[in-house]
$ cat data.cif   # mmCIF, C-alpha atoms
data_model
#
loop_
_atom_site.group_PDB
_atom_site.id
_atom_site.type_symbol
_atom_site.label_atom_id
_atom_site.label_comp_id
_atom_site.auth_asym_id
_atom_site.auth_seq_id
_atom_site.Cartn_x
_atom_site.Cartn_y
_atom_site.Cartn_z
ATOM 1 C CA MET A 1 -10.330 -44.362 -27.361
ATOM 2 C CA ILE A 2 -7.953 -42.010 -29.197
ATOM 3 C CA ARG A 3 -10.848 -39.943 -30.479
ATOM 4 C CA SER A 4 -12.438 -39.805 -27.009
ATOM 5 C CA THR A 5 -9.185 -38.582 -25.509
ATOM 6 C CA TRP A 6 -8.860 -35.925 -28.228
ATOM 7 C CA VAL A 7 -12.422 -34.690 -27.631
ATOM 8 C CA ARG A 8 -11.844 -34.386 -23.888
ATOM 9 C CA ALA A 9 -8.590 -32.473 -24.467
ATOM 10 C CA ALA A 10 -10.319 -30.136 -26.914
ATOM 11 C CA ALA A 11 -13.127 -29.491 -24.430
ATOM 12 C CA VAL A 12 -10.654 -28.616 -21.675
ATOM 13 C CA ALA A 13 -8.824 -26.261 -24.027
ATOM 14 C CA LEU A 14 -12.050 -24.497 -24.979
ATOM 15 C CA LEU A 15 -12.989 -24.028 -21.333
ATOM 16 C CA ALA A 16 -9.596 -22.472 -20.684
ATOM 17 C CA ILE A 17 -9.975 -19.866 -23.434
ATOM 18 C CA PRO A 18 -12.253 -17.441 -21.503
ATOM 19 C CA ALA A 19 -9.938 -17.452 -18.474
ATOM 20 C CA ALA A 20 -6.864 -16.909 -20.642
ATOM 21 C CA SER A 21 -8.680 -14.149 -22.517
ATOM 22 C CA VAL A 22 -9.485 -12.327 -19.277
ATOM 23 C CA MET A 23 -5.869 -12.568 -18.118
ATOM 24 C CA ALA A 24 -4.620 -11.168 -21.450
ATOM 25 C CA GLN A 25 -7.151 -8.332 -21.461
ATOM 26 C CA GLY A 26 -5.793 -4.824 -20.859
ATOM 27 C CA THR A 27 -6.984 -2.950 -17.773
ATOM 28 C CA LEU A 28 -8.722 -0.163 -19.699
ATOM 29 C CA GLU A 29 -10.487 -2.707 -21.906
ATOM 30 C CA ARG A 30 -11.621 -4.636 -18.838
ATOM 31 C CA ILE A 31 -12.907 -1.467 -17.161
ATOM 32 C CA LYS A 32 -14.820 -0.519 -20.310
ATOM 33 C CA ASP A 33 -16.382 -3.978 -20.617
ATOM 34 C CA ARG A 34 -17.410 -4.027 -16.955
ATOM 35 C CA GLY A 35 -18.402 -0.382 -16.801
ATOM 36 C CA GLU A 36 -16.640 -0.477 -13.461
ATOM 37 C CA PHE A 37 -13.274 0.647 -12.049
ATOM 38 C CA ARG A 38 -12.182 -1.515 -9.112
ATOM 39 C CA ILE A 39 -9.816 0.090 -6.619
ATOM 40 C CA GLY A 40 -8.118 -2.101 -4.042
ATOM 41 C CA TYR A 41 -7.259 -0.538 -0.698
ATOM 42 C CA ASN A 42 -5.987 -1.682 2.693
ATOM 43 C CA PRO A 43 -8.591 -0.946 5.403
ATOM 44 C CA ASP A 44 -5.909 -0.865 8.110
ATOM 45 C CA SER A 45 -3.238 1.600 6.852
ATOM 46 C CA ARG A 46 -4.395 4.929 8.251
ATOM 47 C CA PRO A 47 -3.821 7.732 7.270
ATOM 48 C CA LEU A 48 -3.054 6.464 3.746
ATOM 49 C CA SER A 49 -5.928 4.012 3.325
ATOM 50 C CA PHE A 50 -8.484 2.842 5.858
ATOM 51 C CA THR A 51 -12.190 2.378 6.442
ATOM 52 C CA GLN A 52 -14.084 5.322 7.907
ATOM 53 C CA ASN A 53 -17.827 5.185 8.526
ATOM 54 C CA GLY A 54 -17.993 2.081 6.343
ATOM 55 C CA GLU A 55 -16.253 3.688 3.358
ATOM 56 C CA ALA A 56 -12.698 3.800 1.982
ATOM 57 C CA ALA A 57 -10.789 6.900 3.071
ATOM 58 C CA GLY A 58 -7.279 8.328 3.257
ATOM 59 C CA TYR A 59 -4.540 10.065 1.289
ATOM 60 C CA SER A 60 -3.924 7.166 -1.130
ATOM 61 C CA VAL A 61 -7.649 6.584 -1.576
ATOM 62 C CA ASP A 62 -8.237 10.229 -2.507
ATOM 63 C CA LEU A 63 -5.398 10.080 -5.048
ATOM 64 C CA CYS A 64 -7.094 7.057 -6.597
ATOM 65 C CA ARG A 65 -10.438 8.870 -6.707
ATOM 66 C CA ARG A 66 -8.661 11.435 -8.899
ATOM 67 C CA ILE A 67 -7.258 8.622 -11.054
ATOM 68 C CA ALA A 68 -10.793 7.224 -11.385
ATOM 69 C CA ALA A 69 -11.921 10.602 -12.742
ATOM 70 C CA GLY A 70 -9.057 10.469 -15.235
ATOM 71 C CA VAL A 71 -10.016 6.957 -16.350
ATOM 72 C CA ARG A 72 -13.655 7.985 -16.731
ATOM 73 C CA GLU A 73 -12.659 10.900 -18.954
ATOM 74 C CA HIS A 74 -10.163 8.841 -20.969
ATOM 75 C CA LEU A 75 -12.719 6.111 -21.694
ATOM 76 C CA LYS A 76 -15.586 8.580 -22.125
ATOM 77 C CA LEU A 77 -17.690 6.569 -19.653
ATOM 78 C CA PRO A 78 -19.727 9.123 -17.669
ATOM 79 C CA ASP A 79 -21.614 6.316 -15.916
ATOM 80 C CA MET A 80 -18.513 4.313 -14.958
ATOM 81 C CA LYS A 81 -18.959 2.774 -11.509
ATOM 82 C CA VAL A 82 -16.123 3.090 -8.981
ATOM 83 C CA THR A 83 -15.887 0.221 -6.496
ATOM 84 C CA PHE A 84 -13.502 0.002 -3.554
ATOM 85 C CA VAL A 85 -12.346 -3.516 -2.694
ATOM 86 C CA ALA A 86 -10.683 -4.225 0.664
ATOM 87 C CA THR A 87 -7.407 -6.136 0.273
ATOM 88 C CA SER A 88 -4.862 -7.422 2.772
ATOM 89 C CA PHE A 89 -1.069 -7.346 2.775
ATOM 90 C CA GLY A 90 -1.160 -11.016 1.783
ATOM 91 C CA ASP A 91 -3.637 -11.003 -1.120
ATOM 92 C CA ARG A 92 -2.997 -7.626 -2.792
ATOM 93 C CA PHE A 93 -0.544 -8.982 -5.399
ATOM 94 C CA ASP A 94 -2.849 -11.841 -6.419
ATOM 95 C CA ALA A 95 -5.758 -9.399 -6.688
ATOM 96 C CA ILE A 96 -3.841 -7.325 -9.242
ATOM 97 C CA GLU A 97 -2.534 -10.315 -11.193
ATOM 98 C CA ASP A 98 -5.960 -12.009 -11.321
ATOM 99 C CA GLY A 99 -7.766 -8.834 -12.407
ATOM 100 C CA ASP A 100 -9.938 -8.719 -9.286
ATOM 101 C CA ILE A 101 -8.857 -5.104 -8.850
ATOM 102 C CA ASP A 102 -7.539 -2.638 -11.423
ATOM 103 C CA ILE A 103 -5.225 -0.667 -9.123
ATOM 104 C CA GLU A 104 -4.089 -1.043 -5.510
ATOM 105 C CA CYS A 105 -4.061 2.173 -3.468
ATOM 106 C CA GLY A 106 -2.527 1.736 -0.063
ATOM 107 C CA SER A 107 0.970 1.762 1.402
ATOM 108 C CA THR A 108 2.880 -0.571 -0.903
ATOM 109 C CA THR A 109 6.619 -0.046 -1.263
ATOM 110 C CA ILE A 110 8.090 -0.133 -4.771
ATOM 111 C CA THR A 111 10.832 -2.776 -5.034
ATOM 112 C CA LEU A 112 12.588 -4.410 -7.968
ATOM 113 C CA GLU A 113 11.569 -7.876 -6.792
ATOM 114 C CA ARG A 114 7.900 -6.899 -6.740
ATOM 115 C CA GLN A 115 8.207 -5.622 -10.291
ATOM 116 C CA GLU A 116 8.680 -9.224 -11.380
ATOM 117 C CA ARG A 117 4.945 -9.609 -10.648
ATOM 118 C CA VAL A 118 3.373 -6.147 -10.958
ATOM 119 C CA ASP A 119 4.118 -2.640 -12.175
ATOM 120 C CA PHE A 120 3.862 0.626 -10.246
ATOM 121 C CA THR A 121 2.684 4.135 -10.984
ATOM 122 C CA LEU A 122 4.780 7.203 -10.265
ATOM 123 C CA MET A 123 5.740 7.468 -6.607
ATOM 124 C CA THR A 124 2.935 8.631 -4.334
ATOM 125 C CA PHE A 125 4.745 8.907 -0.985
ATOM 126 C CA VAL A 126 8.143 8.412 0.637
ATOM 127 C CA THR A 127 8.646 7.314 4.230
ATOM 128 C CA GLY A 128 10.881 4.951 6.195
ATOM 129 C CA GLY A 129 10.681 2.113 8.665
ATOM 130 C CA THR A 130 10.940 2.803 12.397
ATOM 131 C CA VAL A 131 9.651 1.349 15.674
ATOM 132 C CA MET A 132 6.945 2.458 18.079
ATOM 133 C CA SER A 133 6.924 1.633 21.777
ATOM 134 C CA MET A 134 5.003 2.541 24.907
ATOM 135 C CA ALA A 135 6.158 5.863 26.350
ATOM 136 C CA ASP A 136 6.977 4.363 29.754
ATOM 137 C CA LYS A 137 9.191 1.701 28.111
ATOM 138 C CA ARG A 138 10.658 3.789 25.331
ATOM 139 C CA VAL A 139 12.800 2.271 22.596
ATOM 140 C CA ALA A 140 14.702 5.419 21.628
ATOM 141 C CA THR A 141 17.120 3.908 19.109
ATOM 142 C CA MET A 142 17.332 0.712 17.100
ATOM 143 C CA LYS A 143 20.137 -0.491 19.381
ATOM 144 C CA ASP A 144 17.652 -0.399 22.273
ATOM 145 C CA LEU A 145 15.893 -3.375 20.651
ATOM 146 C CA SER A 146 18.686 -5.688 21.815
ATOM 147 C CA GLY A 147 17.161 -8.537 23.807
ATOM 148 C CA LYS A 148 13.634 -7.298 23.081
ATOM 149 C CA ARG A 149 10.678 -8.535 21.028
ATOM 150 C CA VAL A 150 9.517 -6.500 18.043
ATOM 151 C CA ALA A 151 6.317 -7.096 16.069
ATOM 152 C CA VAL A 152 6.245 -6.572 12.302
ATOM 153 C CA LEU A 153 3.654 -7.244 9.606
ATOM 154 C CA ARG A 154 4.281 -10.464 7.681
ATOM 155 C CA ASN A 155 4.850 -10.310 3.888
ATOM 156 C CA THR A 156 5.845 -6.637 3.881
ATOM 157 C CA SER A 157 9.047 -4.959 2.756
ATOM 158 C CA THR A 158 9.423 -3.738 6.342
ATOM 159 C CA GLU A 159 9.824 -7.315 7.564
ATOM 160 C CA GLY A 160 12.793 -7.937 5.262
ATOM 161 C CA ALA A 161 14.353 -4.515 5.924
ATOM 162 C CA LEU A 162 14.079 -4.952 9.684
ATOM 163 C CA ASP A 163 15.616 -8.430 9.601
ATOM 164 C CA ALA A 164 18.485 -7.190 7.426
ATOM 165 C CA TYR A 165 19.119 -4.162 9.666
ATOM 166 C CA LEU A 166 19.195 -6.237 12.838
ATOM 167 C CA LYS A 167 21.630 -8.737 11.320
ATOM 168 C CA GLU A 168 23.880 -6.074 9.822
ATOM 169 C CA ASN A 169 24.101 -4.215 13.128
ATOM 170 C CA VAL A 170 24.282 -7.383 15.273
ATOM 171 C CA ILE A 171 21.193 -6.502 17.307
ATOM 172 C CA ASP A 172 19.760 -9.639 18.931
ATOM 173 C CA ALA A 173 16.080 -8.681 18.863
ATOM 174 C CA ARG A 174 13.377 -11.302 18.383
ATOM 175 C CA ILE A 175 11.042 -10.652 15.441
ATOM 176 C CA VAL A 176 7.377 -11.546 16.007
ATOM 177 C CA THR A 177 5.390 -11.593 12.741
ATOM 178 C CA ILE A 178 1.749 -10.486 12.740
ATOM 179 C CA THR A 179 -0.945 -10.209 10.074
ATOM 180 C CA GLU A 180 -2.699 -6.965 11.080
ATOM 181 C CA ALA A 181 -1.589 -3.633 12.517
ATOM 182 C CA ALA A 182 -4.271 -3.918 15.193
ATOM 183 C CA ASP A 183 -2.548 -7.069 16.459
ATOM 184 C CA GLY A 184 0.756 -5.214 16.745
ATOM 185 C CA LEU A 185 -0.866 -2.476 18.793
ATOM 186 C CA ALA A 186 -2.634 -4.973 21.040
ATOM 187 C CA ARG A 187 0.601 -6.894 21.686
ATOM 188 C CA LEU A 188 2.443 -3.660 22.366
ATOM 189 C CA GLN A 189 -0.148 -2.538 24.905
ATOM 190 C CA ASP A 190 -0.379 -5.884 26.709
ATOM 191 C CA GLY A 191 3.401 -6.183 26.906
ATOM 192 C CA SER A 192 3.820 -9.332 24.800
ATOM 193 C CA VAL A 193 6.138 -7.324 22.513
ATOM 194 C CA ASP A 194 8.370 -4.361 23.339
ATOM 195 C CA ALA A 195 8.102 -2.553 20.015
ATOM 196 C CA PHE A 196 6.069 -2.493 16.807
ATOM 197 C CA ALA A 197 7.955 -1.922 13.542
ATOM 198 C CA SER A 198 6.377 -0.489 10.397
ATOM 199 C CA ASP A 199 6.600 2.520 8.119
ATOM 200 C CA GLN A 200 6.570 5.708 10.152
ATOM 201 C CA VAL A 201 3.429 7.134 8.577
ATOM 202 C CA VAL A 202 1.538 3.847 9.121
ATOM 203 C CA LEU A 203 2.615 3.700 12.766
ATOM 204 C CA VAL A 204 1.419 7.250 13.377
ATOM 205 C CA GLY A 205 -1.980 6.362 11.936
ATOM 206 C CA ALA A 206 -2.198 3.218 14.067
ATOM 207 C CA ALA A 207 -1.269 5.175 17.191
ATOM 208 C CA LEU A 208 -3.924 7.802 16.504
ATOM 209 C CA ARG A 209 -6.564 5.128 16.093
ATOM 210 C CA ALA A 210 -5.565 3.539 19.402
ATOM 211 C CA ILE A 211 -5.556 6.893 21.183
ATOM 212 C CA GLU A 212 -9.064 7.640 19.906
ATOM 213 C CA ALA A 213 -10.246 4.341 21.384
ATOM 214 C CA ASN A 214 -8.286 4.726 24.626
ATOM 215 C CA ARG A 215 -7.296 8.238 25.675
ATOM 216 C CA SER A 216 -4.784 6.851 28.200
ATOM 217 C CA ALA A 217 -2.696 5.202 25.463
ATOM 218 C CA ASN A 218 0.709 6.859 25.207
ATOM 219 C CA PHE A 219 3.138 5.909 22.440
ATOM 220 C CA THR A 220 6.555 7.095 21.356
ATOM 221 C CA PHE A 221 8.753 6.584 18.293
ATOM 222 C CA ALA A 222 12.419 5.794 17.793
ATOM 223 C CA ASP A 223 14.619 8.677 16.676
ATOM 224 C CA GLU A 224 15.893 6.924 13.556
ATOM 225 C CA LEU A 225 14.709 5.129 10.424
ATOM 226 C CA PHE A 226 16.013 1.728 9.368
ATOM 227 C CA SER A 227 14.739 1.669 5.784
ATOM 228 C CA TYR A 228 13.769 3.780 2.769
ATOM 229 C CA GLU A 229 10.177 3.143 1.651
ATOM 230 C CA PRO A 230 9.022 4.725 -1.646
ATOM 231 C CA TYR A 231 5.310 4.049 -2.206
ATOM 232 C CA GLY A 232 3.485 3.645 -5.498
ATOM 233 C CA PHE A 233 0.162 2.232 -6.681
ATOM 234 C CA MET A 234 0.299 -1.337 -7.988
ATOM 235 C CA VAL A 235 -1.079 -1.986 -11.471
ATOM 236 C CA LYS A 236 -1.029 -4.906 -13.875
ATOM 237 C CA ARG A 237 2.417 -5.713 -15.248
ATOM 238 C CA ASP A 238 3.197 -4.665 -18.852
ATOM 239 C CA ASP A 239 0.039 -2.559 -19.201
ATOM 240 C CA ALA A 240 1.606 0.716 -20.285
ATOM 241 C CA GLU A 241 -1.651 2.248 -21.570
ATOM 242 C CA PHE A 242 -3.437 2.132 -18.216
ATOM 243 C CA ARG A 243 -0.305 3.059 -16.255
ATOM 244 C CA LEU A 244 0.075 6.157 -18.440
ATOM 245 C CA VAL A 245 -3.493 7.284 -17.682
ATOM 246 C CA ALA A 246 -2.813 6.947 -13.942
ATOM 247 C CA ASN A 247 0.578 8.666 -14.187
ATOM 248 C CA ARG A 248 -0.866 11.604 -16.100
ATOM 249 C CA VAL A 249 -3.304 12.256 -13.259
ATOM 250 C CA LEU A 250 -0.613 12.010 -10.571
ATOM 251 C CA ALA A 251 1.851 14.209 -12.486
ATOM 252 C CA GLN A 252 -0.838 16.845 -13.004
ATOM 253 C CA LEU A 253 -1.638 16.850 -9.271
ATOM 254 C CA TYR A 254 2.053 17.335 -8.484
ATOM 255 C CA ARG A 255 2.519 20.075 -11.103
ATOM 256 C CA SER A 256 -0.520 22.034 -9.956
ATOM 257 C CA GLY A 257 0.249 21.718 -6.258
ATOM 258 C CA GLN A 258 -3.119 20.099 -5.541
ATOM 259 C CA PHE A 259 -1.338 17.280 -3.682
ATOM 260 C CA ALA A 260 -0.580 19.734 -0.842
ATOM 261 C CA GLN A 261 -4.253 19.951 0.142
ATOM 262 C CA LEU A 262 -4.585 16.162 0.221
ATOM 263 C CA TYR A 263 -1.379 15.844 2.233
ATOM 264 C CA GLN A 264 -2.533 18.397 4.789
ATOM 265 C CA GLU A 265 -5.966 16.828 5.147
ATOM 266 C CA TRP A 266 -4.779 13.288 5.807
ATOM 267 C CA ILE A 267 -1.176 13.500 7.006
ATOM 268 C CA GLY A 268 -0.201 17.055 7.915
ATOM 269 C CA SER A 269 -3.215 17.308 10.216
ATOM 270 C CA VAL A 270 -1.807 14.510 12.416
ATOM 271 C CA GLY A 271 1.468 16.345 12.901
ATOM 272 C CA ILE A 272 3.740 14.799 10.253
ATOM 273 C CA LYS A 273 5.589 17.503 8.334
ATOM 274 C CA PRO A 274 6.719 16.671 4.788
ATOM 275 C CA SER A 275 10.358 15.598 4.833
ATOM 276 C CA PRO A 276 12.836 17.136 2.365
ATOM 277 C CA MET A 277 12.903 13.734 0.645
ATOM 278 C CA LEU A 278 9.106 13.777 0.219
ATOM 279 C CA VAL A 279 9.126 17.339 -1.117
ATOM 280 C CA ALA A 280 11.802 16.299 -3.620
ATOM 281 C CA MET A 281 9.670 13.310 -4.644
ATOM 282 C CA PHE A 282 6.718 15.554 -5.503
ATOM 283 C CA GLN A 283 8.970 17.848 -7.536
ATOM 284 C CA LEU A 284 10.733 15.040 -9.401
ATOM 285 C CA ASN A 285 7.444 13.366 -10.332
ATOM 286 C CA ALA A 286 5.757 16.529 -11.593
ATOM 287 C CA LEU A 287 6.401 15.413 -15.158
ATOM 288 C CA THR A 288 5.324 17.597 -18.064
ATOM 289 C CA GLU A 289 3.258 16.517 -21.029
#
$ encode --input "data.cif" --output "structure tokens"
Amino acid sequence: MIRSTWVRAAAVALLAIPAASVMAQGTLERIKDRGEFRIGYNPDSRPLSFTQNGEAAGYSVDLCRRIAAGVREHLKLPDMKVTFVATSFGDRFDAIEDGDIDIECGSTTITLERQERVDFTLMTFVTGGTVMSMADKRVATMKDLSGKRVAVLRNTSTEGALDAYLKENVIDARIVTITEAADGLARLQDGSVDAFASDQVVLVGAALRAIEANRSANFTFADELFSYEPYGFMVKRDDAEFRLVANRVLAQLYRSGQFAQLYQEWIGSVGIKPSPMLVAMFQLNALTE
């Protein structure tokens, strides 16, 4: 009986070795073994990352295409395949930790708490949380939310920042959590919520999508921000070698000024001018070799 128990335990341990080996494997090593670079992106965060004509598109996605070129050159893999994997706000952290994707390129805010699970590249964007409402029922300031219902995406930094702001400023708004931006827009338009809270750049993208589908849609934004949201690309924790490859590409884009073309194509074209804080971010992250 003792020997039988030992054999079963040994068998279980052997089966666990491949899984443990995969988890311990560095990102660059995994990419080289697969011959594939897997980029996670959110299909519902226009203009940063979204699906257009069945393919990944947006400012963050284009930055990651440049990173893919850097990885291909670093590994000397001319035939490396680049695959875009749709992720949600809820599963993006697990996807990085489990190795299902090698980098997550969307609209993820860098926080210290999140760095207990993942690491981040250099900053890629800076925005802030605000609220959007229908033009005929405008929520002009955060104080106007008193007694109203506001939708916010669950499991996002915006949810926590909004809750903290409302409590700190004693604003008795009711938070309604949702899982997709499309749901927030639908609730806003049918009147089941009075405002939709998210990062300003994400809200602008959502509004544009709604306007394209319904020309009569008319949205407006509050005049203030309630949070500071610095974005970065999520990567595996404690994988300095891969993070350095990604950071070298981003820093080079910032140094050369090539980021300006990407910004204009995806964000400037929809009327959002770069804030002084964003301009400073590009300058501060233009690290030299």
$ closest_atom_pairs --input "data.cif" --of "range 196-278 of chain A" --to "range 23-46 of chain A" --cutoff "6 Å" --atoms "only C-alpha atoms" --output "Markdown table"
| residue | atom | partner | partner_atom | distance |
| --- | --- | --- | --- | --- |
| A:Val202 | CA | A:Ser45 | CA | 5.7 |
| A:Gly205 | CA | A:Arg46 | CA | 4.6 |
| A:Phe242 | CA | A:Leu28 | CA | 5.9 |
$ write_last_selection --input "data.cif" --atoms "C-alpha atoms" --output "PDB file, in the frame of the given file"
ATOM      1  CA  VAL A 202       1.538   3.847   9.121  1.00  0.00           C
ATOM      2  CA  GLY A 205      -1.980   6.362  11.936  1.00  0.00           C
ATOM      3  CA  PHE A 242      -3.437   2.132 -18.216  1.00  0.00           C
TER       4      PHE A 242
END
$ closest_atom_pairs --input "data.cif" --of "range 226-284 of chain A" --to "range 197-200 of chain A" --cutoff "12 Å" --atoms "all atoms listed in the file" --output "Markdown table"
| residue | atom | partner | partner_atom | distance |
| --- | --- | --- | --- | --- |
| A:Phe226 | CA | A:Asp199 | CA | 9.5 |
| A:Ser227 | CA | A:Asp199 | CA | 8.5 |
| A:Tyr228 | CA | A:Asp199 | CA | 9.0 |
| A:Glu229 | CA | A:Asp199 | CA | 7.4 |
| A:Pro230 | CA | A:Asp199 | CA | 10.3 |
| A:Tyr231 | CA | A:Asp199 | CA | 10.5 |
| A:Ile267 | CA | A:Gln200 | CA | 11.4 |
| A:Ile272 | CA | A:Gln200 | CA | 9.5 |
| A:Lys273 | CA | A:Gln200 | CA | 12.0 |
| A:Ser275 | CA | A:Gln200 | CA | 11.9 |
$ write_last_selection --input "data.cif" --atoms "C-alpha atoms" --output "CSV table (one decimal), in the frame of the given file"
chain,number,residue,atom,x,y,z
A,226,PHE,CA,16.0,1.7,9.4
A,227,SER,CA,14.7,1.7,5.8
A,228,TYR,CA,13.8,3.8,2.8
A,229,GLU,CA,10.2,3.1,1.7
A,230,PRO,CA,9.0,4.7,-1.6
A,231,TYR,CA,5.3,4.0,-2.2
A,267,ILE,CA,-1.2,13.5,7.0
A,272,ILE,CA,3.7,14.8,10.3
A,273,LYS,CA,5.6,17.5,8.3
A,275,SER,CA,10.4,15.6,4.8
$ closest_residue --input "data.cif" --among "A:Asn214, A:Leu166, A:Leu63, A:Ser133" --to "Arg187 in chain A" --atoms "all atoms listed in the file"
A:Ser133
$ resolve_selection --input "data.cif" --expression "the PyMOL selection byres ((chain A and resi 84) around 12)" --output "NGL selection string"
:A and (36-43 or 49-51 or 54-57 or 61-62 or 64-65 or 68 or 81-83 or 85-87 or 100-106)
$ resolve_selection --input "data.cif" --expression "the PyMOL selection byres ((chain A and resi 123) around 6)" --output "list in words"
Leu122, Thr124, Phe125, Tyr231 and Gly232 of chain A
$ residues_around --input "data.cif" --residues "Leu225 in chain A" --least-positions-apart "4" --cutoff "12 Å" --atoms "all atoms listed in the file" --output "list in words"
Thr127, Gly128, Gly129, Thr130, Val131, Met132, Ala140, Thr141, Met142, Lys143, Thr158, Ala161, Leu162, Tyr165, Ala197, Ser198, Asp199, Gln200, Val201, Phe221 and Glu229 of chain A
$ write_last_selection --input "data.cif" --atoms "C-alpha atoms" --output "compact mmCIF listing (two decimals), in the coordinates of the input"
# COMPACT_ATOMS: atom_id res chain seq x y z
CA THR A 127 8.65 7.31 4.23
CA GLY A 128 10.88 4.95 6.20
CA GLY A 129 10.68 2.11 8.66
CA THR A 130 10.94 2.80 12.40
CA VAL A 131 9.65 1.35 15.67
CA MET A 132 6.94 2.46 18.08
CA ALA A 140 14.70 5.42 21.63
CA THR A 141 17.12 3.91 19.11
CA MET A 142 17.33 0.71 17.10
CA LYS A 143 20.14 -0.49 19.38
CA THR A 158 9.42 -3.74 6.34
CA ALA A 161 14.35 -4.51 5.92
CA LEU A 162 14.08 -4.95 9.68
CA TYR A 165 19.12 -4.16 9.67
CA ALA A 197 7.96 -1.92 13.54
CA SER A 198 6.38 -0.49 10.40
CA ASP A 199 6.60 2.52 8.12
CA GLN A 200 6.57 5.71 10.15
CA VAL A 201 3.43 7.13 8.58
CA PHE A 221 8.75 6.58 18.29
CA GLU A 229 10.18 3.14 1.65
$ closest_residue --input "data.cif" --among "A:Ala260, A:Ala240, A:Leu48, A:Met80" --to "Ser107 in chain A" --atoms "only C-alpha atoms"
A:Leu48
$ closest_residue --input "data.cif" --among "A:Arg243, A:Arg237, A:Arg138, A:Arg72" --to "Asn218 in chain A" --atoms "all atoms listed in the file"
A:Arg138
$ atom_distance --input "data.cif" --atom1 "CA of Val71 in chain A" --atom2 "CA of Arg92 in chain A"
21.1 Å
$ closest_residue --input "data.cif" --among "A:Val150, A:Ala246, A:Val193, A:Ala251" --to "Asp172 in chain A" --atoms "all atoms listed in the file"
A:Val150
$ closest_residue --input "data.cif" --among "A:Asp190, A:Met277, A:Ser60, A:Ala195" --to "Ile175 in chain A" --atoms "all atoms listed in the file"
A:Ala195
$ axis_aligned_box --input "data.cif" --around "range 160-170 of chain A" --padding-each-side "5 Å" --output "JSON"
{"center_x": 18.5, "center_y": -6.4, "center_z": 10.3, "size_x": 21.5, "size_y": 14.6, "size_z": 20.0}
$ resolve_selection --input "data.cif" --expression "the PyMOL selection byres ((chain A and resi 289) around 10)" --output "number ranges by chain"
A: 248, 251-252, 286-288
$ atom_distance --input "data.cif" --atom1 "CA of Arg117 in chain A" --atom2 "CA of Phe93 in chain A"
7.6 Å
$ atom_distance --input "data.cif" --atom1 "CA of Thr111 in chain A" --atom2 "CA of Glu159 in chain A"
13.4 Å
$ closest_residue --input "data.cif" --among "A:Leu185, A:Lys76, A:Val170, A:Asp144" --to "Glu224 in chain A" --atoms "all atoms listed in the file"
A:Asp144
